[in-house]
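Undergrad: The following file, start-v2.txt, comprises compact mmCIF, C-alpha atoms:
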```txt
# COMPACT_ATOMS: atom_id res chain seq x y z
CA MET X 1 41.69 1.84 30.72
CA LEU X 2 42.09 5.40 32.04
CA VAL X 3 41.53 6.34 35.67
CA ALA X 4 39.66 9.51 34.72
CA PRO X 5 36.13 8.09 34.37
CA HIS X 6 36.22 6.76 37.94
CA ARG X 7 38.35 9.20 39.89
CA THR X 8 37.89 12.95 40.07
CA GLU X 9 40.49 14.84 42.04
CA ALA X 10 39.45 18.43 41.55
CA ASN X 11 41.18 20.96 43.72
CA PRO X 12 38.54 21.89 46.31
CA ALA X 13 40.27 25.18 47.11
CA SER X 14 39.74 26.36 43.54
CA GLN X 15 36.00 25.74 43.90
CA ALA X 16 35.34 27.98 46.87
CA GLY X 17 33.60 30.37 44.53
CA GLY X 18 31.12 27.72 43.43
CA GLU X 19 32.45 26.88 39.95
CA GLY X 20 33.14 23.38 38.73
CA ARG X 21 31.68 21.65 41.76
CA GLU X 22 30.03 19.09 39.52
CA GLY X 23 33.46 17.52 38.99
CA ILE X 24 33.83 16.38 42.62
CA ALA X 25 33.30 12.63 43.01
CA ALA X 26 31.43 11.31 46.04
CA ARG X 27 30.81 7.61 46.71
CA VAL X 28 28.19 6.55 49.26
CA PHE X 29 27.57 3.14 50.85
CA VAL X 30 24.68 3.21 53.36
CA THR X 31 22.08 0.57 54.18
CA ASP X 32 18.84 2.55 54.67
CA GLN X 33 16.79 4.75 52.38
CA GLN X 34 16.37 7.59 54.91
CA SER X 35 20.14 8.10 55.20
CA GLN X 36 20.51 7.92 51.44
CA GLY X 37 17.91 10.67 51.07
CA VAL X 38 19.64 12.97 53.56
CA ILE X 39 23.01 12.44 51.88
CA ARG X 40 21.62 13.10 48.40
CA GLU X 41 19.92 16.29 49.58
CA SER X 42 23.05 17.52 51.35
CA LEU X 43 25.36 16.95 48.39
CA SER X 44 22.82 18.41 45.97
CA ALA X 45 22.62 21.56 48.10
CA LEU X 46 26.38 21.92 47.76
CA GLY X 47 26.19 21.56 43.98
CA VAL X 48 27.90 18.15 43.92
CA GLN X 49 26.46 16.29 40.97
CA ASN X 50 28.89 13.41 40.47
CA VAL X 51 27.49 11.23 43.27
CA GLN X 52 27.13 7.46 43.25
CA VAL X 53 24.97 5.94 46.00
CA SER X 54 24.92 2.21 46.72
CA THR X 55 22.88 0.21 49.22
CA GLY X 56 25.41 -1.52 51.45
CA ASP X 57 27.82 -1.05 54.32
CA VAL X 58 31.57 -0.75 54.76
CA THR X 59 32.06 -4.32 53.50
CA ALA X 60 30.47 -3.37 50.18
CA ALA X 61 32.71 -0.29 50.07
CA ILE X 62 35.82 -2.44 50.51
CA ALA X 63 34.75 -4.77 47.71
CA ALA X 64 33.99 -1.90 45.35
CA LEU X 65 37.06 0.24 46.05
CA SER X 66 39.39 -2.73 45.67
CA LYS X 67 38.45 -2.56 41.98
CA GLU X 68 37.85 1.18 41.55
CA SER X 69 39.84 4.34 42.01
CA SER X 70 39.14 6.28 45.20
CA PRO X 71 36.72 9.23 45.15
CA HIS X 72 37.38 12.53 46.90
CA LEU X 73 34.61 11.91 49.45
CA LEU X 74 33.54 8.51 50.76
CA VAL X 75 30.56 7.90 53.08
CA VAL X 76 30.34 4.43 54.65
CA ASP X 77 27.84 2.74 56.96
CA ILE X 78 29.03 0.51 59.82
CA SER X 79 25.58 -0.24 61.30
CA GLY X 80 25.43 -3.82 62.58
CA VAL X 81 28.94 -4.62 61.32
CA ASP X 82 31.04 -7.04 63.35
CA ASP X 83 34.46 -5.55 64.25
CA PRO X 84 33.83 -2.16 62.59
CA LEU X 85 37.32 -0.88 63.48
CA GLY X 86 38.87 -3.88 61.75
CA LYS X 87 36.72 -3.22 58.70
CA MET X 88 37.88 0.39 58.66
CA ARG X 89 41.48 -0.83 58.61
CA ASP X 90 40.62 -3.07 55.66
CA LEU X 91 39.03 -0.08 53.96
CA ALA X 92 42.22 1.93 54.45
CA ASP X 93 44.18 -0.68 52.52
CA VAL X 94 42.10 -0.19 49.36
CA CYS X 95 41.81 3.61 49.47
CA GLY X 96 44.13 6.14 47.87
CA PRO X 97 45.69 8.94 49.93
CA ASN X 98 43.56 11.78 48.57
CA ILE X 99 40.29 10.75 50.21
CA SER X 100 38.07 12.00 53.03
CA VAL X 101 35.88 9.51 54.88
CA ILE X 102 32.61 10.12 56.74
CA VAL X 103 31.25 7.22 58.80
CA THR X 104 27.67 6.68 59.91
CA GLY X 105 26.30 4.00 62.21
CA ASP X 106 24.13 3.03 65.17
CA ARG X 107 26.76 2.78 67.91
CA ASN X 108 26.52 5.58 70.51
CA ASP X 109 29.87 5.23 72.29
CA ILE X 110 32.28 8.09 72.91
CA VAL X 111 35.30 5.77 73.14
CA PHE X 112 34.37 4.25 69.78
CA TYR X 113 33.96 7.75 68.32
CA ARG X 114 37.42 8.76 69.50
CA GLU X 115 38.98 5.63 68.01
CA LEU X 116 37.43 6.44 64.63
CA LYS X 117 38.75 10.00 64.84
CA LEU X 118 42.22 8.72 65.74
CA MET X 119 42.12 6.63 62.59
CA GLY X 120 41.76 9.86 60.63
CA THR X 121 38.09 9.71 59.62
CA SER X 122 36.59 13.15 59.02
CA GLU X 123 33.48 12.57 61.13
CA TYR X 124 31.18 9.94 62.62
CA PHE X 125 27.40 10.50 62.59
CA LEU X 126 24.92 8.53 64.66
CA LYS X 127 21.74 7.60 62.81
CA PRO X 128 19.32 9.12 62.01
CA LEU X 129 21.36 11.70 60.12
CA VAL X 130 20.73 15.39 60.76
CA ARG X 131 20.89 17.13 57.40
CA SER X 132 22.32 20.45 58.61
CA LEU X 133 25.21 18.78 60.47
CA PHE X 134 25.96 16.39 57.63
CA THR X 135 25.90 19.21 55.06
CA GLY X 136 28.26 21.31 57.16
CA THR X 137 30.83 18.50 57.36
CA CYS X 138 30.62 17.84 53.61
CA LYS X 139 31.05 21.54 52.92
CA SER X 140 34.19 21.72 55.05
CA ILE X 141 35.62 18.78 53.08
CA LEU X 142 34.56 19.67 49.55
CA ILE X 143 34.71 23.48 49.67
CA PRO X 144 37.35 24.53 52.20
CA ASP X 145 38.73 28.05 52.42
CA ALA X 146 40.83 28.91 49.40
CA GLY X 147 43.94 29.34 51.52
CA GLN X 148 43.56 26.08 53.38
CA ALA X 149 46.01 23.36 52.31
CA SER X 150 45.05 19.71 52.47
CA GLY X 151 48.44 18.67 53.86
CA ARG X 152 47.90 15.11 52.70
CA THR X 153 50.25 13.26 50.40
CA GLY X 154 51.41 9.76 49.71
CA LYS X 155 54.89 8.43 50.37
CA LEU X 156 57.89 9.45 48.28
CA ILE X 157 60.57 6.86 47.49
CA TYR X 158 63.75 7.52 45.53
CA VAL X 159 65.74 4.65 44.04
CA LEU X 160 69.22 5.96 43.30
CA GLY X 161 72.11 3.94 41.93
CA THR X 162 75.54 5.12 43.06
CA ARG X 163 76.78 4.41 39.52
CA GLY X 164 75.27 3.21 36.27
CA GLY X 165 74.74 -0.55 36.18
CA ALA X 166 74.16 -0.91 39.93
CA GLY X 167 70.72 -2.44 39.35
CA ALA X 168 68.62 0.49 40.53
CA THR X 169 66.10 0.20 37.69
CA THR X 170 65.53 -3.49 38.35
CA ILE X 171 64.97 -2.83 42.04
CA ALA X 172 62.67 0.13 41.31
CA THR X 173 60.46 -1.75 38.85
CA ASN X 174 60.17 -4.86 41.02
CA LEU X 175 59.49 -2.80 44.13
CA ALA X 176 56.76 -0.85 42.32
CA TRP X 177 55.21 -4.08 41.02
CA ARG X 178 55.22 -5.75 44.44
CA LEU X 179 53.71 -2.76 46.22
CA ALA X 180 51.00 -2.34 43.59
CA GLU X 181 50.11 -5.94 42.79
CA ASP X 182 50.88 -7.87 45.97
CA LYS X 183 50.21 -5.15 48.54
CA ARG X 184 47.46 -3.37 46.57
CA ARG X 185 48.93 0.12 46.96
CA HIS X 186 48.15 2.74 44.31
CA THR X 187 51.68 3.28 42.96
CA ILE X 188 53.37 5.32 40.25
CA LEU X 189 56.91 4.77 39.02
CA VAL X 190 58.70 7.77 37.51
CA ASP X 191 61.81 7.01 35.42
CA LEU X 192 63.90 10.18 35.25
CA ASP X 193 66.38 8.75 32.74
CA LEU X 194 64.90 10.43 29.68
CA GLN X 195 67.26 8.91 27.10
CA GLU X 196 68.28 5.48 28.33
CA GLY X 197 65.65 4.54 30.91
CA ASP X 198 64.69 0.87 30.99
CA ALA X 199 61.71 0.93 33.35
CA ALA X 200 59.20 0.69 30.50
CA LEU X 201 61.07 -2.24 28.98
CA GLN X 202 61.15 -4.15 32.25
CA LEU X 203 57.44 -3.50 32.82
CA ASP X 204 56.53 -4.59 29.28
CA SER X 205 55.16 -1.13 28.57
CA GLN X 206 55.67 1.60 26.00
CA SER X 207 57.61 4.79 26.53
CA THR X 208 56.05 8.09 25.47
CA HIS X 209 57.17 11.72 25.60
CA ALA X 210 54.85 12.63 28.48
CA LEU X 211 57.50 13.03 31.16
CA ARG X 212 59.69 15.21 28.95
CA GLU X 213 56.70 17.41 28.12
CA ALA X 214 55.77 17.67 31.81
CA LEU X 215 59.29 18.74 32.75
CA ASP X 216 59.63 21.19 29.83
CA HIS X 217 56.23 22.80 30.49
CA PRO X 218 55.38 22.26 34.17
CA GLU X 219 52.66 24.93 34.02
CA ARG X 220 50.66 22.58 31.78
CA VAL X 221 50.67 19.70 34.25
CA ASP X 222 47.16 19.23 35.56
CA LYS X 223 44.81 16.34 36.25
CA LEU X 224 43.85 15.90 32.60
CA PHE X 225 47.49 15.95 31.45
CA LEU X 226 48.43 13.24 33.95
CA GLU X 227 45.46 11.09 33.05
CA ARG X 228 46.51 11.13 29.39
CA GLY X 229 50.27 11.00 29.84
CA VAL X 230 50.64 8.35 32.52
CA LYS X 231 50.86 4.77 31.29
CA GLN X 232 48.65 2.31 33.14
CA VAL X 233 50.70 -0.87 33.58
CA THR X 234 48.05 -2.49 35.82
CA ASP X 235 45.01 -1.20 37.70
CA ARG X 236 47.21 -0.05 40.59
CA LEU X 237 50.58 0.50 38.93
CA HIS X 238 51.17 3.52 36.69
CA LEU X 239 54.33 4.59 34.85
CA LEU X 240 55.53 8.03 33.83
CA CYS X 241 58.57 8.06 31.57
CA SER X 242 59.96 9.28 28.26
CA LEU X 243 62.36 7.93 25.69
CA GLU X 244 64.06 10.83 23.91
CA PRO X 245 66.53 10.72 20.99
CA LEU X 246 70.13 10.24 22.07
CA ASP X 247 71.22 13.34 20.18
CA THR X 248 68.62 15.56 21.89
CA PRO X 249 69.64 17.34 25.10
CA ALA X 250 67.56 16.06 28.02
CA GLU X 251 68.22 18.55 30.80
CA LEU X 252 66.00 18.38 33.86
CA SER X 253 65.01 21.37 35.96
CA GLU X 254 64.72 20.65 39.67
CA GLU X 255 62.00 23.29 39.94
CA ALA X 256 59.97 21.55 37.22
CA PHE X 257 60.45 18.20 38.92
CA LEU X 258 59.26 19.60 42.26
CA TRP X 259 56.18 20.99 40.50
CA LEU X 260 55.49 17.53 39.08
CA LEU X 261 55.90 15.89 42.49
CA ASP X 262 53.38 18.32 43.91
CA LYS X 263 50.85 16.93 41.43
CA LEU X 264 51.74 13.26 41.88
CA LEU X 265 52.02 12.85 45.63
CA PRO X 266 48.34 13.54 46.43
CA ARG X 267 47.22 11.11 43.70
CA TYR X 268 49.13 7.99 44.74
CA ARG X 269 49.81 6.10 47.93
CA LEU X 270 53.40 5.58 46.76
CA THR X 271 55.45 7.62 44.28
CA ILE X 272 58.68 5.83 43.33
CA VAL X 273 61.27 7.89 41.46
CA GLU X 274 64.14 6.05 39.74
CA THR X 275 66.90 8.65 39.55
CA PRO X 276 70.16 8.27 37.61
CA PRO X 277 73.17 9.63 39.53
CA SER X 278 73.92 12.14 36.76
CA ILE X 279 70.52 13.74 37.39
CA ALA X 280 70.43 13.29 41.16
CA VAL X 281 73.53 15.43 41.68
CA HIS X 282 71.51 18.44 40.49
CA MET X 283 68.53 17.68 42.77
CA ASN X 284 69.87 18.36 46.24
CA TRP X 285 66.68 20.07 47.38
CA ALA X 286 64.35 17.40 45.98
CA LEU X 287 66.37 14.60 47.58
CA LYS X 288 65.93 16.24 50.99
CA LEU X 289 62.12 16.02 50.87
CA SER X 290 60.36 13.81 53.39
CA GLY X 291 60.57 10.21 52.25
CA THR X 292 62.97 7.33 51.71
CA CYS X 293 65.97 7.00 49.42
CA LEU X 294 67.13 3.52 48.43
CA LEU X 295 70.82 3.99 47.65
CA VAL X 296 71.86 1.05 45.49
CA SER X 297 75.44 -0.01 44.82
CA ALA X 298 77.18 -2.75 42.91
CA PRO X 299 79.83 -4.74 44.89
CA THR X 300 82.86 -2.86 43.50
CA LEU X 301 85.46 -0.56 44.99
CA ALA X 302 84.11 2.28 42.86
CA GLY X 303 80.62 1.53 44.14
CA ALA X 304 81.84 1.50 47.75
CA ARG X 305 83.60 4.82 47.25
CA ASP X 306 80.52 6.41 45.71
CA MET X 307 78.25 4.97 48.38
CA ALA X 308 80.21 6.98 50.96
CA ARG X 309 80.13 10.10 48.77
CA TRP X 310 76.37 9.90 48.26
CA CYS X 311 75.79 9.39 51.97
CA GLU X 312 77.58 12.70 52.53
CA ILE X 313 75.29 14.44 50.03
CA LEU X 314 72.10 12.91 51.44
CA GLY X 315 73.08 13.63 55.03
CA PRO X 316 72.06 11.84 58.22
CA ASN X 317 68.68 10.20 58.70
CA THR X 318 65.91 12.23 60.29
CA PRO X 319 62.40 11.30 61.50
CA GLU X 320 61.01 12.57 58.18
CA ARG X 321 63.65 11.25 55.79
CA HIS X 322 66.01 8.30 55.78
CA THR X 323 68.37 6.46 53.46
CA VAL X 324 68.41 2.68 53.01
CA LEU X 325 71.74 1.31 51.80
CA VAL X 326 71.30 -1.57 49.36
CA LEU X 327 74.20 -3.79 48.23
CA ASN X 328 73.26 -5.58 45.03
CA HIS X 329 74.77 -8.93 44.02
CA PRO X 330 77.83 -9.15 46.31
CA THR X 331 80.49 -11.72 45.36
CA ALA X 332 79.05 -11.96 41.83
CA HIS X 333 81.83 -12.25 39.23
CA GLY X 334 84.53 -11.44 41.77
CA GLY X 335 82.66 -8.64 43.51
CA LEU X 336 83.28 -7.60 47.09
CA SER X 337 81.68 -9.49 49.95
CA PRO X 338 79.33 -7.52 52.22
CA ALA X 339 82.04 -7.33 54.90
CA ASP X 340 84.67 -6.10 52.44
CA PHE X 341 82.20 -3.61 50.97
CA ALA X 342 81.42 -2.25 54.44
CA ARG X 343 85.13 -1.80 55.19
CA ALA X 344 85.76 -0.08 51.86
CA SER X 345 82.78 2.28 52.09
CA GLY X 346 82.68 2.78 55.84
CA LYS X 347 78.95 1.98 55.58
CA THR X 348 77.19 -1.24 56.53
CA PRO X 349 74.49 -2.13 53.98
CA ASP X 350 70.95 -2.27 55.34
CA VAL X 351 69.83 -4.72 52.67
CA VAL X 352 71.94 -7.26 50.80
CA ILE X 353 70.50 -8.77 47.62
CA PRO X 354 72.46 -11.96 46.83
CA TYR X 355 73.47 -12.88 43.32
CA ASP X 356 71.04 -15.28 41.69
CA ARG X 357 71.81 -16.82 38.31
CA GLU X 358 68.11 -17.57 37.82
CA PHE X 359 67.31 -13.89 38.22
CA ALA X 360 70.08 -12.84 35.86
CA ASP X 361 68.47 -14.98 33.18
CA ALA X 362 64.95 -13.75 33.98
CA ALA X 363 65.86 -10.05 33.97
CA SER X 364 65.83 -9.94 30.17
CA LEU X 365 62.34 -11.49 30.04
CA GLY X 366 60.44 -8.77 31.89
CA ILE X 367 58.71 -8.19 35.20
CA LYS X 368 56.59 -11.33 35.33
CA ALA X 369 59.60 -13.58 34.86
CA MET X 370 61.49 -11.72 37.57
CA GLN X 371 58.62 -12.18 40.01
CA LYS X 372 59.23 -15.94 39.93
CA CYS X 373 62.79 -15.60 41.27
CA LYS X 374 62.29 -16.48 44.92
CA ALA X 375 65.72 -15.52 46.24
CA PHE X 376 65.50 -12.01 44.82
CA GLN X 377 61.92 -11.54 45.99
CA ARG X 378 62.83 -12.62 49.53
CA SER X 379 65.49 -9.92 49.65
CA LEU X 380 63.08 -7.37 48.23
CA SER X 381 60.55 -8.26 50.93
CA GLN X 382 62.76 -6.55 53.50
CA ILE X 383 62.27 -3.29 51.63
CA VAL X 384 58.57 -3.86 50.91
CA ARG X 385 57.80 -4.25 54.61
CA ASP X 386 59.19 -0.79 55.31
CA PHE X 387 56.52 0.77 53.09
CA THR X 388 53.51 -1.36 54.07
CA GLY X 389 53.83 -1.23 57.85
CA GLU X 390 53.40 -5.00 58.12
CA GLU X 391 55.62 -5.13 61.18
CA THR X 392 54.14 -2.01 62.78
CA GLU X 393 51.57 -2.53 65.55
CA GLU X 394 50.43 1.10 65.78
CA GLN X 395 47.41 0.77 63.52
CA PRO X 396 45.87 4.22 64.25
CA SER X 397 49.08 5.93 63.16
CA PHE X 398 49.05 3.90 59.93
CA LEU X 399 45.45 4.76 59.20
CA ARG X 400 46.06 8.43 59.84
CA ARG X 401 48.60 8.34 57.04
CA ILE X 402 45.87 6.89 54.78
CA PHE X 403 42.83 8.96 55.79
CA GLY X 404 44.30 11.90 57.64
```
Reformat the file's structure so that it appears as structure tokens.

TA:
Amino acid sequence: MLVAPHRTEANPASQAGGEGREGIAARVFVTDQQSQGVIRESLSALGVQNVQVSTGDVTAAIAALSKESSPHLLVVDISGVDDPLGKMRDLADVCGPNISVIVTGDRNDIVFYRELKLMGTSEYFLKPLVRSLFTGTCKSILIPDAGQASGRTGKLIYVLGTRGGAGATTIATNLAWRLAEDKRRHTILVDLDLQEGDAALQLDSQSTHALREALDHPERVDKLFLERGVKQVTDRLHLLCSLEPLDTPAELSEEAFLWLLDKLLPRYRLTIVETPPSIAVHMNWALKLSGTCLLVSAPTLAGARDMARWCEILGPNTPERHTVLVLNHPTAHGGLSPADFARASGKTPDVVIPYDREFADAASLGIKAMQKCKAFQRSLSQIVRDFTGEETEEQPSFLRRIFG
């Protein structure tokens, strides 16, 4: 099933002149007919034709969007809802990053209004709706000035093995699966190993030539290209990869990759890029983008040496970008212990994934078999929590990343 029939992510800036506005998707959940009429009239006046209106409140929106892709504009009703702020947090968990939210309700409270704005909602309207005000807000969302940038993207995560065979692909695929299936985040996994990448195999999917084509002809990458080229592993997990002949050069341009990222980040809550070290060494600029890099090493002296070398390339952590050091399978088959690895590399691992014979056997059976390996999944949970904010108490900040 393709995402295209449900989700339209037209570039609003390109529509300032009035063309193509029928492609903008708006989803409306309000409880009364009068509000529905005002909303329909407002969107019709702006030329927005792809509008779906449902009778219901924010609870109905949560139920629907947990099964559908997010629209560009969402209007939700919180009239009479118990714990409306809590419901808005639940709504954030099922929405993609490229969404603007307008809230309507019957609560006339300035403190409540400010809390909604802090969450990142575009606007809150007290019923009954005033058409001119509602239309103006929709216009600012759907048809902004051509030079105005949205400034909203999902999170970027690199998974980089210090050497081949460190287990980076296994960690990347399992992390993507957990975030998409268990945590319900819209996630895409990009496997940059164009000739020997195993992400598709581990996810029981098929490789295509879409990624190679996107990198060879970045000017062709648009919404339609991505909808056709991306493999849908599950409703919330997508895969972009290629499997090219071994005797065909598979060079990767950093400029083309950055162009691709610019298209992917607004579409997904999480973009995970599995990067072979042979490619990563030519992507110094891309690796310095805001996000997280999981630097994965096997428990060997060579791995310890290269862990230190990669830390020099990546540089110190900053508020916008940080590196997580992952030691995979220490003490397995005579490998270094975590303490010995730390002494050899001069770096203390942030996450240690213990060797598990059960997992070694399951790895050849695909992603579903690997999900049953409890020891591995417990270790992976340390990483998953970093990207879901489960231990963070600052809910408004979290919601701003979703809606804002």

Undergrad: Kindly indicate which residue among X:Leu156, X:Leu192, X:Met88, X:Val130 lies nearest to Cys293 (chain X), using all atoms listed in the file for the distances.

TA: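 Looking only at the distances to Cys293 (chain X), the closest residue turns out to be X:Leu156.
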
Undergrad: Given the point (57.8, 3.6, 29.5) in the file's coordinates, find the residues that have an atom at most 7 Å from it, counting all atoms listed in the file, and give them as a short mmCIF file (atom, residue, chain, number, x, y, z; two decimals) with C-alpha atoms, keeping the file's coordinate frame.

TA:
```cif
data_model
loop_
_atom_site.label_atom_id
_atom_site.label_comp_id
_atom_site.auth_asym_id
_atom_site.auth_seq_id
_atom_site.Cartn_x
_atom_site.Cartn_y
_atom_site.Cartn_z
CA ALA X 199 61.71 0.93 33.35
CA ALA X 200 59.20 0.69 30.50
CA LEU X 201 61.07 -2.24 28.98
CA SER X 205 55.16 -1.13 28.57
CA GLN X 206 55.67 1.60 26.00
CA SER X 207 57.61 4.79 26.53
CA THR X 208 56.05 8.09 25.47
CA LEU X 239 54.33 4.59 34.85
CA LEU X 240 55.53 8.03 33.83
CA CYS X 241 58.57 8.06 31.57
CA SER X 242 59.96 9.28 28.26
#
```

Undergrad: Here's a test: counting all atoms listed in the file, identify every protein, DNA and RNA residue with an atom at most 10 Å from (31.6, 19.3, 52.3) in the file's coordinate frame, and state them as an MDAnalysis selection string.

TA: chainID X and resid 12 42:43 46 48 73 100 134:144

Undergrad: Go ahead and compute the interatomic distance for CA of Lys263 (chain X) and CA of His186 (chain X), in Å to one decimal.

TA: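 So the two atoms, CA of Lys263 (chain X) and CA of His186 (chain X), lie 14.7 Å apart.
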
Undergrad: Would you list the contacts of Phe125 (chain X) as a PDB file with C-alpha atoms, keeping the file's coordinate frame, taking every protein, DNA or RNA residue within 12 Å and counting only C-alpha atoms, but skipping same-chain residues closer than 3 positions in sequence?

TA:
```
ATOM      1  CA  SER X  35      20.140   8.100  55.200  1.00  0.00           C
ATOM      2  CA  ILE X  39      23.010  12.440  51.880  1.00  0.00           C
ATOM      3  CA  VAL X  75      30.560   7.900  53.080  1.00  0.00           C
ATOM      4  CA  VAL X  76      30.340   4.430  54.650  1.00  0.00           C
ATOM      5  CA  ASP X  77      27.840   2.740  56.960  1.00  0.00           C
ATOM      6  CA  ILE X  78      29.030   0.510  59.820  1.00  0.00           C
ATOM      7  CA  SER X  79      25.580  -0.240  61.300  1.00  0.00           C
ATOM      8  CA  VAL X 101      35.880   9.510  54.880  1.00  0.00           C
ATOM      9  CA  ILE X 102      32.610  10.120  56.740  1.00  0.00           C
ATOM     10  CA  VAL X 103      31.250   7.220  58.800  1.00  0.00           C
ATOM     11  CA  THR X 104      27.670   6.680  59.910  1.00  0.00           C
ATOM     12  CA  GLY X 105      26.300   4.000  62.210  1.00  0.00           C
ATOM     13  CA  ASP X 106      24.130   3.030  65.170  1.00  0.00           C
ATOM     14  CA  ARG X 107      26.760   2.780  67.910  1.00  0.00           C
ATOM     15  CA  ASN X 108      26.520   5.580  70.510  1.00  0.00           C
ATOM     16  CA  ASP X 109      29.870   5.230  72.290  1.00  0.00           C
ATOM     17  CA  ILE X 110      32.280   8.090  72.910  1.00  0.00           C
ATOM     18  CA  PHE X 112      34.370   4.250  69.780  1.00  0.00           C
ATOM     19  CA  TYR X 113      33.960   7.750  68.320  1.00  0.00           C
ATOM     20  CA  LEU X 116      37.430   6.440  64.630  1.00  0.00           C
ATOM     21  CA  LYS X 117      38.750  10.000  64.840  1.00  0.00           C
ATOM     22  CA  THR X 121      38.090   9.710  59.620  1.00  0.00           C
ATOM     23  CA  SER X 122      36.590  13.150  59.020  1.00  0.00           C
ATOM     24  CA  PRO X 128      19.320   9.120  62.010  1.00  0.00           C
ATOM     25  CA  LEU X 129      21.360  11.700  60.120  1.00  0.00           C
ATOM     26  CA  VAL X 130      20.730  15.390  60.760  1.00  0.00           C
ATOM     27  CA  ARG X 131      20.890  17.130  57.400  1.00  0.00           C
ATOM     28  CA  SER X 132      22.320  20.450  58.610  1.00  0.00           C
ATOM     29  CA  LEU X 133      25.210  18.780  60.470  1.00  0.00           C
ATOM     30  CA  PHE X 134      25.960  16.390  57.630  1.00  0.00           C
ATOM     31  CA  THR X 135      25.900  19.210  55.060  1.00  0.00           C
ATOM     32  CA  THR X 137      30.830  18.500  57.360  1.00  0.00           C
TER      33      THR X 137
END
```

Undergrad: As an mmCIF file with C-alpha atoms, in the frame of the given file, please: the residues near Leu252 (chain X) (cut-off 12 Å, only C-alpha atoms, same-chain neighbours under 3 positions excluded).

TA:
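To be explicit, this is the file written out as part-v1.cif:
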```cif
data_model
loop_
_atom_site.group_PDB
_atom_site.id
_atom_site.type_symbol
_atom_site.label_atom_id
_atom_site.label_comp_id
_atom_site.auth_asym_id
_atom_site.auth_seq_id
_atom_site.Cartn_x
_atom_site.Cartn_y
_atom_site.Cartn_z
ATOM 1 C CA LEU X 192 63.900 10.180 35.250
ATOM 2 C CA ASP X 193 66.380 8.750 32.740
ATOM 3 C CA LEU X 194 64.900 10.430 29.680
ATOM 4 C CA GLN X 195 67.260 8.910 27.100
ATOM 5 C CA LEU X 211 57.500 13.030 31.160
ATOM 6 C CA ARG X 212 59.690 15.210 28.950
ATOM 7 C CA GLU X 213 56.700 17.410 28.120
ATOM 8 C CA ALA X 214 55.770 17.670 31.810
ATOM 9 C CA LEU X 215 59.290 18.740 32.750
ATOM 10 C CA ASP X 216 59.630 21.190 29.830
ATOM 11 C CA HIS X 217 56.230 22.800 30.490
ATOM 12 C CA PRO X 218 55.380 22.260 34.170
ATOM 13 C CA PRO X 249 69.640 17.340 25.100
ATOM 14 C CA GLU X 255 62.000 23.290 39.940
ATOM 15 C CA ALA X 256 59.970 21.550 37.220
ATOM 16 C CA PHE X 257 60.450 18.200 38.920
ATOM 17 C CA LEU X 258 59.260 19.600 42.260
ATOM 18 C CA LEU X 260 55.490 17.530 39.080
ATOM 19 C CA THR X 275 66.900 8.650 39.550
ATOM 20 C CA PRO X 276 70.160 8.270 37.610
ATOM 21 C CA SER X 278 73.920 12.140 36.760
ATOM 22 C CA ILE X 279 70.520 13.740 37.390
ATOM 23 C CA ALA X 280 70.430 13.290 41.160
ATOM 24 C CA VAL X 281 73.530 15.430 41.680
ATOM 25 C CA HIS X 282 71.510 18.440 40.490
ATOM 26 C CA MET X 283 68.530 17.680 42.770
#
```

Undergrad: Expressed in Å to a single decimal, how great is the separation between CA of Thr187 (chain X) and CA of Pro266 (chain X)?

TA: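 CA of Pro266 (chain X) lies 11.3 Å from CA of Thr187 (chain X).
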
Undergrad: Between X:Ile272, X:Ala166, X:Ala180, X:Ile157, which residue has the minimum interatomic distance to Lys288 (chain X), considering all atoms listed in the file?

TA: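 Among X:Ile272, X:Ala166, X:Ala180, X:Ile157, it is X:Ile157 that comes nearest to Lys288 (chain X).
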
Undergrad: Choose the residue, out of X:Leu65, X:Gly165, X:Thr300, X:Ala26, that has the smallest atom-to-atom separation from Gly334 (chain X); count only C-alpha atoms.

TA: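 Looking only at the distances to Gly334 (chain X), the closest residue turns out to be X:Thr300.
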
Undergrad: Closest to Gly167 (chain X) among X:Leu295, X:Leu224, X:Leu243, X:Met307, using all atoms listed in the file?

TA: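 Of the candidates, the smallest distance to Gly167 (chain X) is held by X:Leu295.
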
Undergrad: As a PDB file, keeping the file's coordinate frame, please: region 281-287 of chain X completed to N, CA and C atoms.

TA:
```pdb
ATOM      1  N   VAL X 281      72.567  14.456  41.139  1.00  0.00           N
ATOM      2  CA  VAL X 281      73.530  15.430  41.680  1.00  0.00           C
ATOM      3  C   VAL X 281      73.032  16.860  41.540  1.00  0.00           C
ATOM      4  N   HIS X 282      72.063  17.091  40.676  1.00  0.00           N
ATOM      5  CA  HIS X 282      71.510  18.440  40.490  1.00  0.00           C
ATOM      6  C   HIS X 282      70.166  18.602  41.201  1.00  0.00           C
ATOM      7  N   MET X 283      69.837  17.666  42.102  1.00  0.00           N
ATOM      8  CA  MET X 283      68.530  17.680  42.770  1.00  0.00           C
ATOM      9  C   MET X 283      68.701  17.620  44.280  1.00  0.00           C
ATOM     10  N   ASN X 284      69.609  18.410  44.795  1.00  0.00           N
ATOM     11  CA  ASN X 284      69.870  18.360  46.240  1.00  0.00           C
ATOM     12  C   ASN X 284      68.645  18.704  47.068  1.00  0.00           C
ATOM     13  N   TRP X 285      67.858  19.684  46.617  1.00  0.00           N
ATOM     14  CA  TRP X 285      66.680  20.070  47.380  1.00  0.00           C
ATOM     15  C   TRP X 285      65.620  18.979  47.322  1.00  0.00           C
ATOM     16  N   ALA X 286      65.382  18.436  46.131  1.00  0.00           N
ATOM     17  CA  ALA X 286      64.350  17.400  45.980  1.00  0.00           C
ATOM     18  C   ALA X 286      64.692  16.150  46.783  1.00  0.00           C
ATOM     19  N   LEU X 287      65.964  15.801  46.846  1.00  0.00           N
ATOM     20  CA  LEU X 287      66.370  14.600  47.580  1.00  0.00           C
ATOM     21  C   LEU X 287      66.221  14.766  49.087  1.00  0.00           C
TER      22      LEU X 287
END
```
